[in-house]
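Trainee: Sending over final-v8.txt (compact mmCIF, C-alpha atoms and all ligand atoms).
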```txt
# COMPACT_ATOMS: atom_id res chain seq x y z
CA MET C 1 -14.55 -39.99 -4.91
CA VAL C 2 -15.73 -36.54 -3.81
CA LYS C 3 -12.67 -36.35 -1.58
CA LEU C 4 -10.37 -37.28 -4.45
CA PHE C 5 -12.03 -34.71 -6.69
CA LYS C 6 -11.60 -32.03 -4.02
CA HIS C 7 -7.97 -33.03 -3.61
CA LEU C 8 -7.35 -32.81 -7.35
CA GLN C 9 -9.21 -29.52 -7.54
CA ASN C 10 -7.03 -28.12 -4.77
CA LEU C 11 -3.90 -29.31 -6.54
CA PHE C 12 -4.74 -27.33 -9.63
CA PHE C 13 -6.66 -24.49 -8.05
CA ASP C 14 -5.63 -24.00 -4.46
CA ASN C 15 -7.30 -20.75 -3.69
CA THR C 16 -8.40 -20.10 -0.14
CA CYS C 17 -9.34 -16.70 1.20
CA PRO C 18 -6.55 -15.73 3.67
CA SER C 19 -9.07 -13.94 5.87
CA CYS C 20 -11.77 -16.62 6.41
CA LYS C 21 -9.98 -19.69 4.97
CA LYS C 22 -12.90 -20.58 2.71
CA ASN C 23 -12.35 -21.81 -0.82
CA ILE C 24 -12.76 -19.24 -3.55
CA LEU C 25 -14.31 -20.59 -6.71
CA ILE C 26 -13.93 -17.54 -8.92
CA LYS C 27 -10.81 -17.45 -11.04
CA ASN C 28 -8.44 -14.50 -10.56
CA GLU C 29 -10.13 -13.53 -7.29
CA TYR C 30 -8.05 -14.01 -4.15
CA ILE C 31 -10.32 -12.57 -1.48
CA CYS C 32 -13.80 -14.08 -1.07
CA LEU C 33 -16.86 -11.93 -1.74
CA GLN C 34 -18.00 -12.10 1.87
CA CYS C 35 -14.67 -10.73 3.10
CA ILE C 36 -14.63 -8.08 0.37
CA TYR C 37 -18.04 -6.87 1.58
CA SER C 38 -16.94 -6.91 5.19
CA LEU C 39 -13.79 -4.83 4.57
CA PRO C 40 -14.07 -1.71 6.76
CA LYS C 41 -13.63 0.80 3.92
CA THR C 42 -12.94 4.39 4.96
CA ASN C 43 -14.26 5.96 1.71
CA ASN C 44 -12.18 8.96 2.74
CA TYR C 45 -10.66 9.73 -0.67
CA LEU C 46 -12.97 12.67 -1.25
CA LYS C 47 -12.97 13.93 2.32
CA PRO C 48 -10.65 16.81 3.16
CA ASN C 49 -9.40 16.61 6.74
CA ASN C 50 -10.06 12.89 7.02
CA SER C 51 -8.32 11.24 9.97
CA ALA C 52 -5.16 10.36 7.98
CA GLU C 53 -4.89 13.94 6.71
CA VAL C 54 -5.38 15.30 10.22
CA MET C 55 -2.57 13.03 11.45
CA MET C 56 -0.21 14.21 8.68
CA ALA C 57 -1.18 17.90 8.76
CA GLY C 58 1.82 20.22 9.00
CA ARG C 59 4.35 17.41 8.50
CA PHE C 60 4.67 17.95 4.73
CA PRO C 61 2.51 19.60 2.08
CA PHE C 62 0.10 17.16 0.43
CA GLU C 63 -2.79 17.22 -2.01
CA ARG C 64 -4.77 14.28 -0.63
CA ILE C 65 -4.17 11.33 1.68
CA ALA C 66 -6.51 8.43 1.00
CA THR C 67 -6.73 5.14 2.89
CA TYR C 68 -8.76 2.17 1.67
CA CYS C 69 -9.67 0.36 4.91
CA ILE C 70 -9.31 0.51 8.64
CA PHE C 71 -6.59 -1.88 9.80
CA SER C 72 -7.01 -3.46 13.22
CA LYS C 73 -5.45 -6.56 14.73
CA GLU C 74 -8.65 -8.62 14.62
CA GLY C 75 -10.07 -7.08 11.44
CA THR C 76 -10.68 -8.62 7.99
CA LEU C 77 -7.72 -6.77 6.48
CA GLN C 78 -5.05 -8.01 8.90
CA PRO C 79 -4.77 -11.61 7.54
CA LEU C 80 -4.84 -10.27 3.96
CA ILE C 81 -1.88 -7.95 4.57
CA HIS C 82 -0.11 -10.72 6.51
CA SER C 83 -0.55 -13.08 3.58
CA LEU C 84 0.78 -10.43 1.18
CA LYS C 85 3.82 -9.61 3.32
CA TYR C 86 4.85 -12.94 4.72
CA LYS C 87 3.27 -15.71 2.64
CA ASN C 88 4.32 -14.70 -0.84
CA ASN C 89 0.69 -13.98 -1.76
CA LYS C 90 1.27 -11.21 -4.29
CA ASN C 91 -2.19 -11.69 -5.82
CA ILE C 92 -3.74 -10.29 -2.63
CA GLY C 93 -1.78 -7.05 -3.04
CA LEU C 94 -2.72 -6.81 -6.71
CA GLN C 95 -6.41 -7.33 -5.93
CA LEU C 96 -6.46 -4.85 -3.02
CA GLY C 97 -4.65 -2.31 -5.21
CA ARG C 98 -7.10 -2.85 -8.09
CA MET C 99 -10.13 -2.51 -5.82
CA PHE C 100 -8.79 0.69 -4.23
CA GLY C 101 -7.79 2.00 -7.68
CA LYS C 102 -11.34 1.47 -8.98
CA ASP C 103 -12.74 3.46 -6.05
CA ILE C 104 -10.42 6.45 -6.47
CA HIS C 105 -10.24 6.30 -10.28
CA ASN C 106 -12.61 9.17 -11.02
CA SER C 107 -11.68 11.48 -8.17
CA SER C 108 -10.18 14.82 -9.11
CA PHE C 109 -6.90 14.37 -7.21
CA VAL C 110 -6.14 11.21 -9.21
CA GLU C 111 -6.69 12.89 -12.58
CA THR C 112 -3.56 15.01 -12.19
CA VAL C 113 -1.30 12.21 -10.89
CA ASP C 114 1.80 11.67 -13.08
CA PHE C 115 3.56 8.79 -11.31
CA ILE C 116 2.65 6.15 -8.76
CA VAL C 117 5.61 5.64 -6.42
CA PRO C 118 5.70 2.75 -3.93
CA VAL C 119 7.48 3.15 -0.59
CA PRO C 120 10.73 1.32 -1.38
CA LEU C 121 12.33 -1.53 0.51
CA HIS C 122 16.06 -1.67 1.08
CA LYS C 123 17.69 -3.98 -1.48
CA LYS C 124 18.62 -6.45 1.29
CA LYS C 125 14.99 -6.74 2.38
CA LEU C 126 13.87 -6.94 -1.24
CA LYS C 127 16.23 -9.85 -1.74
CA SER C 128 15.01 -11.75 1.31
CA ARG C 129 11.28 -11.17 0.64
CA GLY C 130 11.61 -11.39 -3.13
CA TYR C 131 9.24 -8.50 -3.79
CA ASN C 132 8.13 -5.16 -2.37
CA GLN C 133 4.56 -5.48 -1.09
CA SER C 134 3.91 -1.74 -1.58
CA GLU C 135 5.02 -2.05 -5.19
CA ILE C 136 2.57 -4.93 -5.74
CA ILE C 137 -0.26 -2.77 -4.35
CA ALA C 138 0.97 0.11 -6.54
CA GLU C 139 0.83 -2.18 -9.59
CA GLY C 140 -2.79 -3.00 -8.79
CA ILE C 141 -3.65 0.70 -8.41
CA SER C 142 -1.74 1.51 -11.59
CA SER C 143 -3.73 -1.01 -13.64
CA ALA C 144 -7.02 0.45 -12.34
CA ILE C 145 -6.25 4.15 -12.79
CA SER C 146 -3.98 3.88 -15.87
CA LYS C 147 -1.09 5.90 -14.44
CA SER C 148 2.57 4.92 -14.69
CA LEU C 149 4.44 3.18 -11.93
CA SER C 150 7.82 4.70 -11.07
CA ASN C 151 9.84 2.36 -8.88
CA ASP C 152 13.50 3.24 -9.41
CA ASN C 153 13.80 6.89 -8.42
CA LEU C 154 12.88 6.89 -4.74
CA ILE C 155 15.21 4.46 -2.93
CA ARG C 156 15.75 3.31 0.63
CA GLU C 157 19.43 3.72 1.42
CA ILE C 158 19.59 2.32 4.92
CA HIS C 159 18.42 -1.09 6.04
CA ASN C 160 16.54 -0.69 9.30
CA PRO C 161 14.87 -3.21 11.58
CA SER C 162 11.11 -3.69 11.66
CA GLN C 163 9.29 -0.69 13.10
CA THR C 164 6.42 -2.59 14.68
CA LYS C 165 7.81 -2.61 18.22
CA LEU C 166 8.99 0.98 18.30
CA SER C 167 7.28 4.01 19.84
CA LYS C 168 6.15 6.93 17.68
CA SER C 169 9.29 9.03 18.27
CA GLN C 170 11.56 6.02 17.84
CA ARG C 171 9.85 5.26 14.53
CA TRP C 172 10.63 8.71 13.24
CA ASP C 173 14.29 8.47 14.34
CA ASN C 174 14.37 5.09 12.66
CA VAL C 175 13.34 6.31 9.21
CA GLU C 176 14.44 9.95 9.08
CA GLY C 177 16.84 10.49 6.20
CA ILE C 178 16.85 6.89 4.96
CA PHE C 179 15.07 7.63 1.65
CA LYS C 180 16.57 9.43 -1.32
CA LEU C 181 15.68 10.46 -4.87
CA THR C 182 18.31 9.26 -7.33
CA ASN C 183 17.04 11.66 -9.98
CA PRO C 184 15.07 14.55 -8.39
CA ASP C 185 14.60 16.33 -11.75
CA GLN C 186 12.41 13.48 -13.03
CA TYR C 187 9.75 14.57 -10.54
CA ASN C 188 10.03 18.34 -11.08
CA ASN C 189 6.50 19.77 -11.56
CA LYS C 190 4.97 16.30 -11.18
CA HIS C 191 2.17 14.99 -9.01
CA ILE C 192 3.26 11.81 -7.20
CA LEU C 193 0.92 9.27 -5.66
CA LEU C 194 2.97 7.66 -2.90
CA VAL C 195 1.75 4.14 -2.05
CA ASP C 196 2.26 2.07 1.11
CA ASP C 197 0.55 -0.96 2.63
CA ILE C 198 -0.36 0.47 6.05
CA ILE C 199 -0.15 3.93 7.56
CA THR C 200 0.36 3.79 11.31
CA THR C 201 2.23 6.79 12.73
CA GLY C 202 2.92 8.19 9.27
CA SER C 203 6.67 8.39 9.92
CA THR C 204 7.62 6.30 6.87
CA ILE C 205 5.32 8.33 4.61
CA GLU C 206 6.72 11.56 6.06
CA ALA C 207 10.32 10.43 5.51
CA CYS C 208 9.52 9.48 1.89
CA ALA C 209 7.74 12.79 1.32
CA LYS C 210 10.76 14.72 2.61
CA ALA C 211 12.93 12.89 0.06
CA LEU C 212 10.38 13.55 -2.71
CA LEU C 213 10.48 17.27 -1.87
CA GLU C 214 13.99 17.36 -3.35
CA ALA C 215 12.16 17.69 -6.68
CA LYS C 216 11.08 21.21 -7.58
CA ASN C 217 7.39 22.13 -7.43
CA ILE C 218 6.38 18.55 -6.72
CA LYS C 219 2.86 17.69 -5.56
CA ILE C 220 2.37 14.68 -3.29
CA SER C 221 -0.67 12.54 -2.61
CA VAL C 222 -0.69 9.35 -0.59
CA ALA C 223 -2.66 6.12 -0.91
CA THR C 224 -2.41 3.27 1.60
CA ILE C 225 -4.49 0.12 1.84
CA GLY C 226 -4.71 0.11 5.63
CA GLU C 227 -5.06 2.86 8.20
CA ALA C 228 -4.03 1.44 11.56
CA ILE C 229 -6.27 2.43 14.44
CA TYR C 230 -3.91 1.28 17.18
CA LEU C 231 -0.48 2.56 18.09
ZN ZN I 1 -13.01 -14.67 3.05
```
Take the structure in this file and express it as structure tokens.
Mentor:
Amino acid sequence: MVKLFKHLQNLFFDNTCPSCKKNILIKNEYICLQCIYSLPKTNNYLKPNNSAEVMMAGRFPFERIATYCIFSKEGTLQPLIHSLKYKNNKNIGLQLGRMFGKDIHNSSFVETVDFIVPVPLHKKKLKSRGYNQSEIIAEGISSAISKSLSNDNLIREIHNPSQTKLSKSQRWDNVEGIFKLTNPDQYNNKHILLVDDIITTGSTIEACAKALLEAKNIKISVATIGEAIYL
């Protein structure tokens, strides 16, 4: 009977934490409390010259680069991002975005943000995956900080293979010039919060920023959920 009940419960409410595989009993929560508490948060959103900013220094002008958690292969975040990217688990991205958004909500760099812009996927990739994981995260952040999402100006023109097996210089060659603003004037004098899932070498962020700089007097900040600590 207990087994049957569990089976029925799972049919209607199949909600396991992708990180530890335990059942979650709270509605609209997709990461268990234990895993939320064990997320290796960087809390770097108020720290000038944090490690992500040091990595990006001199590559393009930015206001602030904030990362939510350290991303490592064996860490708590890895299965969450995997579930978001490859298992159609959009709720994970929304929840991570909301949690990060709540943390950064009252910081001064966020107050002046005009648009939240996700790193775009090429339309071919968007079609095969069905959604852009960075846009899902951006939606979560947007709901927490009450700033508008802008997802149709910055576009990815060239479809490129996955970057995960490329070296740092190959990654840059792979993304340089592939992003474009369709309407640069929309971002004139605006502060953009560029959102991605993971920052690794920063080459994708840099390539997006270079495209954003087509707008006049634009300010750029960056928010990513993961900051990879391996290359
Ligand atoms: Zn868990």
Trainee: Which residues are near C:Lys147? Cut-off 8 Å, all atoms listed in the file, ignore same chain within fewer than 2 positions. Put them as a list of chain:residue names.
Mentor: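 Using all atoms listed in the file, the neighbours found are C:Val113, C:Asp114, C:Phe115, C:Ile116, C:Ser142, C:Ser143, C:Ile145, C:Leu149.
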Trainee: Ligand ZN 1 (chain I): which residues are within 8 Å, counting all atoms listed in the file? Reply as number ranges by chain.
Mentor: C: 16-22, 31-36
Trainee: Counting only C-alpha atoms, select every polymer residue within 8 Å of (9.9, 11.1, -5.9) as defined in the file's coordinates, and provide the selection as a PyMOL selection string.
Mentor: chain C and resi 117+153-154+181+184+186-187+192+208-209+211-215
Trainee: What is the atom CA of C:Ser221-atom CA of C:Tyr86 distance in Å, reported with one decimal?
Mentor: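 For atom CA of C:Ser221 relative to atom CA of C:Tyr86, the distance reads 27.1 Å.
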Trainee: Choose the residue, out of C:Gly202, C:Gly130, C:Pro120, C:Gly75, that has the smallest atom-to-atom separation from C:Lys41; count only C-alpha atoms.
Mentor: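 The answer is C:Gly75, which sits nearest to C:Lys41.
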Trainee: Could you check which of C:Ile205, C:Ile70, C:Leu193, C:Ile229 is closest to C:Ser148, using only C-alpha atoms?
Mentor: C:Leu193
Trainee: So, with all atoms listed in the file as the atoms that count, which of C:Pro48, C:Ile225, C:Asn151, C:His159 lies closest to C:Lys127?
Mentor: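 That would be C:His159, the residue with the smallest distance to C:Lys127.
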Trainee: Closest to C:Leu46 among C:Leu84, C:Gln95, C:Ile104, C:Lys90, using only C-alpha atoms?
Mentor: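 For C:Leu46, the nearest of the candidates is C:Ile104.
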Trainee: May I have the protein, DNA and RNA residues with an atom at most 12 Å from (-5.1, -4.6, -2.8), counting all atoms listed in the file in the file's coordinates, returned as a VMD selection string?
Mentor: chain C and resid 29 to 31 36 39 67 to 69 77 80 to 81 83 to 85 89 to 103 133 to 144 195 to 198 223 to 226
Trainee: Could you check how far atom CA of C:Glu111 sits from atom CA of C:Lys219, in Å to one decimal?
Mentor: 12.8 Å
Trainee: Pick the closest to C:Ala207 from C:Ile178, C:Ile26, C:Val54, C:Ile158: which is it, counting all atoms listed in the file?
Mentor: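 Once distances to C:Ala207 are computed over all atoms listed in the file, the minimum belongs to C:Ile178.
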Trainee: Using Å and a single decimal, report how far atom CA of C:Ile65 sits from atom CA of C:Ser150.
Mentor: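 Result for atom CA of C:Ser150 versus atom CA of C:Ile65: 18.7 Å, one decimal.
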Trainee: Closest to C:Ser169 among C:Gln78, C:Asn49, C:Thr204, C:Asn189, using only C-alpha atoms?
Mentor: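 Counting only C-alpha atoms, the residue closest to C:Ser169 is C:Thr204.
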